[in-house]
$ cat query.txt   # compact mmCIF, C-alpha atoms
# COMPACT_ATOMS: atom_id res chain seq x y z
CA MET A 1 -11.38 16.23 -29.19
CA ILE A 2 -12.19 17.08 -25.58
CA LYS A 3 -15.58 18.72 -25.11
CA SER A 4 -16.97 17.34 -21.83
CA ILE A 5 -14.80 17.72 -18.73
CA LEU A 6 -15.93 16.32 -15.39
CA ALA A 7 -14.32 18.25 -12.52
CA VAL A 8 -14.71 16.56 -9.14
CA SER A 9 -14.46 18.27 -5.75
CA GLU A 10 -14.96 17.11 -2.20
CA GLY A 11 -14.92 20.62 -0.83
CA GLY A 12 -11.38 21.05 0.46
CA PRO A 13 -8.31 22.48 -1.33
CA ASP A 14 -9.05 20.12 -4.22
CA ALA A 15 -12.02 22.26 -5.30
CA VAL A 16 -9.87 25.13 -6.53
CA MET A 17 -7.20 22.81 -7.98
CA SER A 18 -9.70 20.68 -9.85
CA PHE A 19 -11.84 23.53 -11.13
CA ARG A 20 -8.90 25.67 -12.27
CA LEU A 21 -7.35 22.82 -14.22
CA ALA A 22 -10.72 21.91 -15.72
CA ALA A 23 -11.13 25.54 -16.81
CA ARG A 24 -7.65 25.45 -18.38
CA VAL A 25 -8.52 22.30 -20.32
CA ALA A 26 -11.84 23.79 -21.40
CA ALA A 27 -10.08 26.89 -22.71
CA ALA A 28 -7.61 24.76 -24.68
CA PHE A 29 -10.34 22.73 -26.40
CA ASP A 30 -13.36 25.04 -26.28
CA GLY A 31 -15.03 22.52 -23.99
CA ALA A 32 -17.63 22.60 -21.23
CA VAL A 33 -17.10 21.70 -17.57
CA ASP A 34 -19.49 19.63 -15.48
CA ALA A 35 -18.63 20.19 -11.81
CA LEU A 36 -19.50 17.52 -9.25
CA HIS A 37 -19.38 17.86 -5.48
CA LEU A 38 -19.07 14.65 -3.45
CA PRO A 39 -19.29 14.42 0.35
CA VAL A 40 -15.87 13.64 1.78
CA GLY A 41 -15.04 10.05 2.68
CA PRO A 42 -13.20 8.78 5.77
CA ALA A 43 -9.61 9.83 6.39
CA GLY A 44 -7.44 7.72 4.16
CA GLY A 45 -10.31 7.04 1.78
CA MET A 46 -10.95 3.47 0.63
CA ALA A 47 -7.44 2.76 -0.61
CA GLY A 48 -6.45 -0.72 -1.62
CA GLY A 49 -9.21 -2.77 -3.14
CA LEU A 50 -12.13 -0.49 -3.94
CA ALA A 51 -14.82 -2.68 -5.46
CA MET A 52 -17.53 -0.89 -7.39
CA SER A 53 -20.54 -3.17 -7.49
CA GLY A 54 -22.94 -0.93 -9.37
CA GLU A 55 -24.90 -0.37 -6.19
CA ALA A 56 -25.03 3.01 -4.50
CA MET A 57 -22.09 3.24 -2.10
CA PRO A 58 -22.53 6.24 0.22
CA LEU A 59 -19.23 7.63 1.37
CA LEU A 60 -18.64 7.09 5.06
CA ILE A 61 -17.82 10.25 6.93
CA ASP A 62 -15.78 11.03 9.99
CA ILE A 63 -16.43 14.77 10.21
CA ASP A 64 -19.60 16.37 11.51
CA ASP A 65 -22.52 17.55 9.41
CA SER A 66 -21.73 21.23 9.88
CA ARG A 67 -18.24 20.76 8.43
CA LEU A 68 -19.67 18.76 5.54
CA GLU A 69 -22.00 21.67 4.77
CA GLU A 70 -19.05 24.08 4.92
CA ARG A 71 -17.12 21.92 2.46
CA ALA A 72 -20.10 21.84 0.10
CA LYS A 73 -20.22 25.65 0.26
CA GLU A 74 -16.48 25.77 -0.50
CA THR A 75 -17.10 23.75 -3.66
CA GLU A 76 -20.04 25.94 -4.69
CA ARG A 77 -18.02 29.13 -4.17
CA ALA A 78 -15.17 27.74 -6.27
CA TYR A 79 -17.64 26.70 -8.96
CA LYS A 80 -19.24 30.14 -9.15
CA GLU A 81 -15.86 31.87 -9.30
CA ILE A 82 -14.00 29.56 -11.68
CA VAL A 83 -16.33 27.31 -13.66
CA ALA A 84 -19.72 29.05 -13.92
CA PRO A 85 -18.46 31.65 -16.45
CA ILE A 86 -17.56 28.83 -18.90
CA LYS A 87 -20.18 28.32 -21.58
CA GLY A 88 -22.24 25.19 -20.96
CA ALA A 89 -21.01 24.68 -17.38
CA THR A 90 -23.14 22.61 -14.99
CA TYR A 91 -23.06 21.95 -11.25
CA THR A 92 -24.18 18.77 -9.46
CA ALA A 93 -24.19 18.44 -5.69
CA ALA A 94 -26.20 16.28 -3.30
CA LYS A 95 -25.73 14.92 0.20
CA THR A 96 -26.47 11.48 -1.21
CA ALA A 97 -23.94 11.69 -4.04
CA THR A 98 -21.74 8.59 -4.12
CA LEU A 99 -18.76 7.23 -5.96
CA ASP A 100 -21.26 5.58 -8.29
CA THR A 101 -22.51 9.07 -9.17
CA MET A 102 -19.01 10.06 -10.22
CA VAL A 103 -18.48 6.84 -12.17
CA ALA A 104 -21.78 7.24 -14.03
CA MET A 105 -20.96 10.82 -14.98
CA GLY A 106 -17.30 10.04 -15.64
CA ARG A 107 -18.01 7.30 -18.14
CA CYS A 108 -20.06 9.80 -20.16
CA ALA A 109 -17.36 12.51 -20.06
CA ASP A 110 -14.26 12.87 -22.21
CA ILE A 111 -11.93 13.38 -19.26
CA LEU A 112 -12.05 13.63 -15.45
CA VAL A 113 -10.16 16.21 -13.41
CA LEU A 114 -9.45 15.80 -9.69
CA GLY A 115 -7.30 17.63 -7.17
CA ARG A 116 -4.08 16.07 -5.92
CA PRO A 117 -4.54 13.59 -3.04
CA GLY A 118 -2.75 14.52 0.15
CA ALA A 119 -3.38 18.26 -0.12
CA ASP A 120 -6.48 18.02 2.07
CA PRO A 121 -5.85 17.17 5.76
CA GLU A 122 -9.48 16.05 6.11
CA ASN A 123 -9.25 13.68 3.15
CA VAL A 124 -5.69 12.45 2.78
CA ALA A 125 -6.15 9.71 0.16
CA PRO A 126 -9.64 10.02 -1.31
CA ALA A 127 -11.34 7.02 -2.86
CA THR A 128 -12.40 9.28 -5.71
CA VAL A 129 -8.99 9.07 -7.40
CA GLU A 130 -8.90 5.30 -7.25
CA ALA A 131 -12.48 5.00 -8.53
CA ALA A 132 -11.80 7.46 -11.35
CA LEU A 133 -8.73 5.55 -12.52
CA TYR A 134 -10.08 2.02 -12.18
CA GLU A 135 -13.77 2.42 -12.94
CA CYS A 136 -14.42 5.28 -15.37
CA ALA A 137 -12.56 4.06 -18.47
CA ARG A 138 -11.51 7.62 -19.20
CA ALA A 139 -8.41 9.75 -18.90
CA VAL A 140 -7.91 11.17 -15.42
CA MET A 141 -6.06 14.42 -14.84
CA ILE A 142 -4.58 15.15 -11.42
CA ALA A 143 -4.33 18.85 -10.62
CA PRO A 144 -1.37 20.14 -8.55
CA PRO A 145 -1.81 23.14 -6.22
CA ASP A 146 -0.59 25.46 -9.01
CA VAL A 147 -2.27 24.23 -12.19
CA GLY A 148 -0.58 26.75 -14.48
CA THR A 149 -2.17 28.76 -17.26
CA GLY A 150 -2.35 28.80 -21.04
CA PRO A 151 -1.96 25.96 -23.55
CA PHE A 152 -0.21 22.67 -22.85
CA ASP A 153 2.74 23.33 -25.16
CA LYS A 154 5.38 21.01 -23.65
CA VAL A 155 4.31 17.43 -22.95
CA ILE A 156 6.31 14.51 -21.52
CA VAL A 157 5.09 10.98 -22.30
CA ALA A 158 6.44 8.35 -19.90
CA TRP A 159 6.73 5.21 -22.03
CA ASN A 160 7.41 1.59 -21.07
CA SER A 161 5.25 -0.19 -23.70
CA SER A 162 2.70 -1.35 -21.11
CA PHE A 163 -1.00 -1.36 -21.93
CA GLN A 164 -1.51 1.35 -19.30
CA ALA A 165 1.02 3.60 -21.05
CA ALA A 166 -0.52 2.83 -24.43
CA ARG A 167 -3.97 3.75 -23.15
CA ALA A 168 -2.63 6.97 -21.63
CA VAL A 169 -1.11 7.94 -24.98
CA GLU A 170 -4.41 7.24 -26.73
CA TYR A 171 -6.31 9.43 -24.27
CA ALA A 172 -3.66 12.15 -24.52
CA LEU A 173 -3.78 12.46 -28.33
CA PRO A 174 -5.83 15.71 -28.27
CA PHE A 175 -3.14 17.29 -26.07
CA LEU A 176 -0.27 15.86 -28.11
CA LYS A 177 -1.73 17.20 -31.36
CA LYS A 178 -1.85 20.72 -29.91
CA ALA A 179 1.56 20.60 -28.20
CA LYS A 180 4.60 22.34 -29.63
CA GLU A 181 7.07 19.92 -28.04
CA VAL A 182 6.50 16.25 -27.18
CA THR A 183 9.15 14.08 -25.52
CA ILE A 184 8.86 10.30 -25.25
CA LEU A 185 10.72 9.44 -22.06
CA VAL A 186 11.98 5.94 -21.25
CA ILE A 187 13.12 5.26 -17.67
CA GLY A 188 15.49 2.47 -16.72
CA GLN A 189 15.32 0.72 -20.11
CA LYS A 190 16.66 1.16 -23.61
CA PRO A 191 14.24 2.93 -25.98
CA ASP A 192 14.56 0.10 -28.51
CA ASP A 193 13.53 -2.44 -25.87
CA VAL A 194 10.15 -0.75 -25.38
CA GLY A 195 9.43 0.20 -28.98
CA ALA A 196 9.83 3.94 -28.47
CA ALA A 197 10.65 4.41 -32.16
CA TYR A 198 7.39 2.68 -33.11
CA LEU A 199 5.46 5.07 -30.88
CA ALA A 200 7.28 8.04 -32.39
CA ARG A 201 6.48 6.77 -35.88
CA ASN A 202 2.78 6.37 -35.10
CA LEU A 203 2.53 9.79 -33.48
CA GLY A 204 4.28 11.25 -36.52
CA ARG A 205 1.48 9.88 -38.68
CA HIS A 206 -0.87 11.96 -36.55
CA GLY A 207 1.24 15.02 -37.33
CA ILE A 208 2.94 14.96 -33.92
CA ALA A 209 6.71 15.55 -33.95
CA THR A 210 8.51 13.88 -31.04
CA THR A 211 11.93 13.38 -29.54
CA ILE A 212 12.99 10.29 -27.60
CA ASP A 213 14.96 10.53 -24.39
CA ALA A 214 16.02 8.00 -21.76
CA ILE A 215 17.21 8.22 -18.18
CA ASP A 216 18.71 5.49 -16.05
CA PRO A 217 17.94 5.83 -12.33
CA GLY A 218 19.79 2.56 -11.65
CA VAL A 219 18.41 -0.46 -9.80
CA VAL A 220 16.04 1.36 -7.51
CA SER A 221 12.56 1.14 -6.04
CA GLY A 222 9.38 2.15 -7.81
CA ARG A 223 9.16 5.30 -5.73
CA ALA A 224 12.72 6.22 -6.73
CA ARG A 225 11.78 5.78 -10.39
CA GLY A 226 8.80 8.01 -9.71
CA ARG A 227 11.11 10.66 -8.27
CA ALA A 228 13.35 10.42 -11.33
CA LEU A 229 10.37 10.91 -13.64
CA ARG A 230 9.09 13.80 -11.57
CA ASP A 231 12.48 15.51 -11.45
CA TYR A 232 13.00 15.12 -15.20
CA THR A 233 9.58 16.60 -15.90
CA HIS A 234 10.17 19.55 -13.59
CA GLY A 235 13.61 20.13 -15.12
CA LYS A 236 12.08 20.34 -18.60
CA ALA A 237 9.50 22.87 -17.40
CA ALA A 238 6.80 20.74 -19.00
CA ASP A 239 3.13 21.68 -19.02
CA LEU A 240 1.78 18.12 -18.84
CA LEU A 241 3.00 14.65 -17.92
CA VAL A 242 1.32 11.62 -19.51
CA MET A 243 1.75 8.20 -17.92
CA GLY A 244 0.03 4.92 -17.15
CA ALA A 245 -1.30 4.23 -13.67
CA TYR A 246 0.22 1.00 -12.48
CA GLY A 247 -1.43 -1.03 -9.73
CA ARG A 248 -0.08 -3.85 -7.59
CA GLY A 249 -3.04 -6.20 -7.36
CA GLN A 250 -4.27 -6.57 -3.80
CA VAL A 251 -1.15 -5.09 -2.24
CA MET A 252 -2.10 -2.22 0.05
CA SER A 253 -0.36 0.97 -0.96
CA PHE A 254 -1.22 4.60 -1.52
CA LEU A 255 -4.48 4.51 -3.52
CA GLY A 256 -3.83 0.84 -4.19
CA LEU A 257 -1.34 1.87 -6.88
CA GLY A 258 2.30 1.10 -7.55
CA GLY A 259 5.12 2.98 -5.87
CA ALA A 260 6.18 5.00 -8.93
CA THR A 261 2.58 5.99 -9.68
CA ALA A 262 1.90 7.04 -6.10
CA LYS A 263 5.10 9.09 -5.92
CA VAL A 264 4.31 11.02 -9.09
CA ILE A 265 0.67 11.61 -8.12
CA SER A 266 1.59 12.92 -4.69
CA SER A 267 4.41 15.27 -5.70
CA CYS A 268 4.27 16.26 -9.38
CA ARG A 269 4.10 20.04 -9.71
CA ILE A 270 2.42 20.02 -13.14
CA PRO A 271 -0.86 18.52 -14.38
CA LEU A 272 -0.72 14.78 -14.76
CA LEU A 273 -2.77 12.79 -17.29
CA MET A 274 -3.15 9.12 -16.38
CA ALA A 275 -4.93 5.99 -17.53
CA HIS A 276 -5.17 2.50 -16.11

$ encode --input "query.txt" --output "structure tokens"
Amino acid sequence: MIKSILAVSEGGPDAVMSFRLAARVAAAFDGAVDALHLPVGPAGGMAGGLAMSGEAMPLLIDIDDSRLEERAKETERAYKEIVAPIKGATYTAAKTATLDTMVAMGRCADILVLGRPGADPENVAPATVEAALYECARAVMIAPPDVGTGPFDKVIVAWNSSFQAARAVEYALPFLKKAKEVTILVIGQKPDDVGAAYLARNLGRHGIATTIDAIDPGVVSGRARGRALRDYTHGKAADLLVMGAYGRGQVMSFLGLGGATAKVISSCRIPLLMAH
């Protein structure tokens, strides 16, 4: 069950996105939200090879102190409006807060919620998303500009039998148990080749009824597969998409992640639950 939700903001548009989705999750599970404000990092973040050493790593800045203070006030306003009314809510903010602060808090939470990268012109690809996915060992939810309201009744699980997908399903179990409709979606492969029936059987033992579907986008790039997944999810009017976050080693790409992952993160119109 989800009881502790860490909602992260860097003070731009992500504050409202993150806090509203965190509040929605809290309402669904009767949980509490811990809000964290981090000073914004450099434009483009630290994509491609973030190495958390356990030492404090202050975020470099390329905007002046007055704007940083304004962004901190934006986060605080959003917290007071959206999160503060939730029972048990807390707020943490400090000029010296670092990615290590988020990782330390994130590893003690049940789930992390962050706003979608790319929505903030002052922080196009924040290092927070990469650190949350790679370092916190928790589910990470990415909030779109419109986070929606109410329960997460319709859930799509993107399945390819990878360990990332398996971990995402494990983290998503509280959502799947509450959902009214769960679809296991296989992209570019046959369901039998990735053990979709085994997944459906196991979820059934948890009391979760599922259907299996498959789409074939053809021999295309990772980003094209991401578009196919995104379009399918939007067409189903789903409330939540569950998928693994797939990296490409040391290859520099958006957030250091694979093309399909980056495409879905940057353009999915519904909340996205991911695990690496």

$ residues_around --input "query.txt" --residues "Asp34 (chain A)" --least-positions-apart "3" --cutoff "7 Å" --atoms "only C-alpha atoms" --output "list of chain:residue names"
A:Ile5, A:Leu6, A:Ala7, A:Ala89, A:Thr90, A:Tyr91

$ residues_around --input "query.txt" --residues "Thr183 (chain A)" --least-positions-apart "4" --cutoff "7 Å" --atoms "all atoms listed in the file" --output "list in words"
Val155, Ile156, Val157, Thr210, Thr211, Ile212 and Asp213 of chain A

$ closest_atom_pairs --input "query.txt" --of "region 126-224 of chain A" --to "region 270-273 of chain A" --cutoff "10 Å" --atoms "all atoms listed in the file" --output "JSON lines"
{"residue": "A:Ala139", "atom": "CA", "partner": "A:Leu273", "partner_atom": "CA", "distance": 6.6}
{"residue": "A:Val140", "atom": "CA", "partner": "A:Leu273", "partner_atom": "CA", "distance": 5.7}
{"residue": "A:Met141", "atom": "CA", "partner": "A:Leu273", "partner_atom": "CA", "distance": 4.4}
{"residue": "A:Ile142", "atom": "CA", "partner": "A:Leu272", "partner_atom": "CA", "distance": 5.1}
{"residue": "A:Ala143", "atom": "CA", "partner": "A:Pro271", "partner_atom": "CA", "distance": 5.1}
{"residue": "A:Pro144", "atom": "CA", "partner": "A:Ile270", "partner_atom": "CA", "distance": 6.0}
{"residue": "A:Pro145", "atom": "CA", "partner": "A:Ile270", "partner_atom": "CA", "distance": 8.7}
{"residue": "A:Asp146", "atom": "CA", "partner": "A:Ile270", "partner_atom": "CA", "distance": 7.5}
{"residue": "A:Val147", "atom": "CA", "partner": "A:Pro271", "partner_atom": "CA", "distance": 6.3}
{"residue": "A:Gly148", "atom": "CA", "partner": "A:Ile270", "partner_atom": "CA", "distance": 7.5}
{"residue": "A:Phe152", "atom": "CA", "partner": "A:Pro271", "partner_atom": "CA", "distance": 9.5}
{"residue": "A:Val155", "atom": "CA", "partner": "A:Leu272", "partner_atom": "CA", "distance": 10.0}
{"residue": "A:Ile156", "atom": "CA", "partner": "A:Leu272", "partner_atom": "CA", "distance": 9.8}
{"residue": "A:Val157", "atom": "CA", "partner": "A:Leu273", "partner_atom": "CA", "distance": 9.5}
{"residue": "A:Ala168", "atom": "CA", "partner": "A:Leu273", "partner_atom": "CA", "distance": 7.3}
{"residue": "A:Val169", "atom": "CA", "partner": "A:Leu273", "partner_atom": "CA", "distance": 9.2}
{"residue": "A:Tyr171", "atom": "CA", "partner": "A:Leu273", "partner_atom": "CA", "distance": 8.5}
{"residue": "A:Ala172", "atom": "CA", "partner": "A:Leu273", "partner_atom": "CA", "distance": 7.3}
{"residue": "A:Phe175", "atom": "CA", "partner": "A:Leu273", "partner_atom": "CA", "distance": 9.9}

$ closest_residue --input "query.txt" --among "A:Gly12, A:Gly118, A:Pro85, A:Gly150" --to "Leu240 (chain A)" --atoms "only C-alpha atoms"
A:Gly150

$ atom_distance --input "query.txt" --atom1 "CA of Thr75 (chain A)" --atom2 "CA of His37 (chain A)"
6.6 Å

$ residues_around --input "query.txt" --residues "Ala165 (chain A)" --least-positions-apart "2" --cutoff "12 Å" --atoms "all atoms listed in the file" --output "short mmCIF file (atom, residue, chain, number, x, y, z; two decimals) with C-alpha atoms, keeping the file's coordinate frame"
data_model
loop_
_atom_site.label_atom_id
_atom_site.label_comp_id
_atom_site.auth_asym_id
_atom_site.auth_seq_id
_atom_site.Cartn_x
_atom_site.Cartn_y
_atom_site.Cartn_z
CA ALA A 139 -8.41 9.75 -18.90
CA VAL A 157 5.09 10.98 -22.30
CA ALA A 158 6.44 8.35 -19.90
CA TRP A 159 6.73 5.21 -22.03
CA ASN A 160 7.41 1.59 -21.07
CA SER A 161 5.25 -0.19 -23.70
CA SER A 162 2.70 -1.35 -21.11
CA PHE A 163 -1.00 -1.36 -21.93
CA ARG A 167 -3.97 3.75 -23.15
CA ALA A 168 -2.63 6.97 -21.63
CA VAL A 169 -1.11 7.94 -24.98
CA GLU A 170 -4.41 7.24 -26.73
CA TYR A 171 -6.31 9.43 -24.27
CA ALA A 172 -3.66 12.15 -24.52
CA ILE A 184 8.86 10.30 -25.25
CA LEU A 185 10.72 9.44 -22.06
CA VAL A 186 11.98 5.94 -21.25
CA VAL A 194 10.15 -0.75 -25.38
CA ALA A 196 9.83 3.94 -28.47
CA LEU A 199 5.46 5.07 -30.88
CA LEU A 241 3.00 14.65 -17.92
CA VAL A 242 1.32 11.62 -19.51
CA MET A 243 1.75 8.20 -17.92
CA GLY A 244 0.03 4.92 -17.15
CA ALA A 245 -1.30 4.23 -13.67
CA TYR A 246 0.22 1.00 -12.48
CA THR A 261 2.58 5.99 -9.68
CA LEU A 273 -2.77 12.79 -17.29
CA MET A 274 -3.15 9.12 -16.38
CA ALA A 275 -4.93 5.99 -17.53
CA HIS A 276 -5.17 2.50 -16.11
#

$ closest_residue --input "query.txt" --among "A:Leu68, A:Val83, A:Leu133, A:Ala104" --to "Gln164 (chain A)" --atoms "all atoms listed in the file"
A:Leu133

$ residues_around --input "query.txt" --residues "Pro217 (chain A)" --least-positions-apart "3" --cutoff "9 Å" --atoms "all atoms listed in the file" --output "JSON, numbers by chain"
{"A": [187, 188, 220, 224, 225, 228]}

$ closest_atom_pairs --input "query.txt" --of "region 86-190 of chain A" --to "region 202-209 of chain A" --cutoff "8 Å" --atoms "all atoms listed in the file" --output "Markdown table"
| residue | atom | partner | partner_atom | distance |
| --- | --- | --- | --- | --- |
| A:Leu176 | CA | A:Ile208 | CA | 6.7 |
| A:Lys177 | CA | A:Ile208 | CA | 5.8 |
| A:Glu181 | CA | A:Ala209 | CA | 7.4 |
| A:Val182 | CA | A:Ala209 | CA | 6.8 |

$ write_last_selection --input "query.txt" --atoms "C-alpha atoms" --output "PDB file, in the frame of the given file"
ATOM      1  CA  LEU A 176      -0.270  15.860 -28.110  1.00  0.00           C
ATOM      2  CA  LYS A 177      -1.730  17.200 -31.360  1.00  0.00           C
ATOM      3  CA  GLU A 181       7.070  19.920 -28.040  1.00  0.00           C
ATOM      4  CA  VAL A 182       6.500  16.250 -27.180  1.00  0.00           C
TER       5      VAL A 182
END

$ residues_around --input "query.txt" --residues "Lys190 (chain A)" --least-positions-apart "5" --cutoff "9 Å" --atoms "all atoms listed in the file" --output "number ranges by chain"
A: 196, 214-216

$ closest_residue --input "query.txt" --among "A:Ala179, A:Ala237, A:Val16, A:Leu114" --to "Ile82 (chain A)" --atoms "only C-alpha atoms"
A:Val16

$ closest_residue --input "query.txt" --among "A:Thr92, A:Pro39, A:Ala132, A:Glu81" --to "Arg67 (chain A)" --atoms "all atoms listed in the file"
A:Pro39
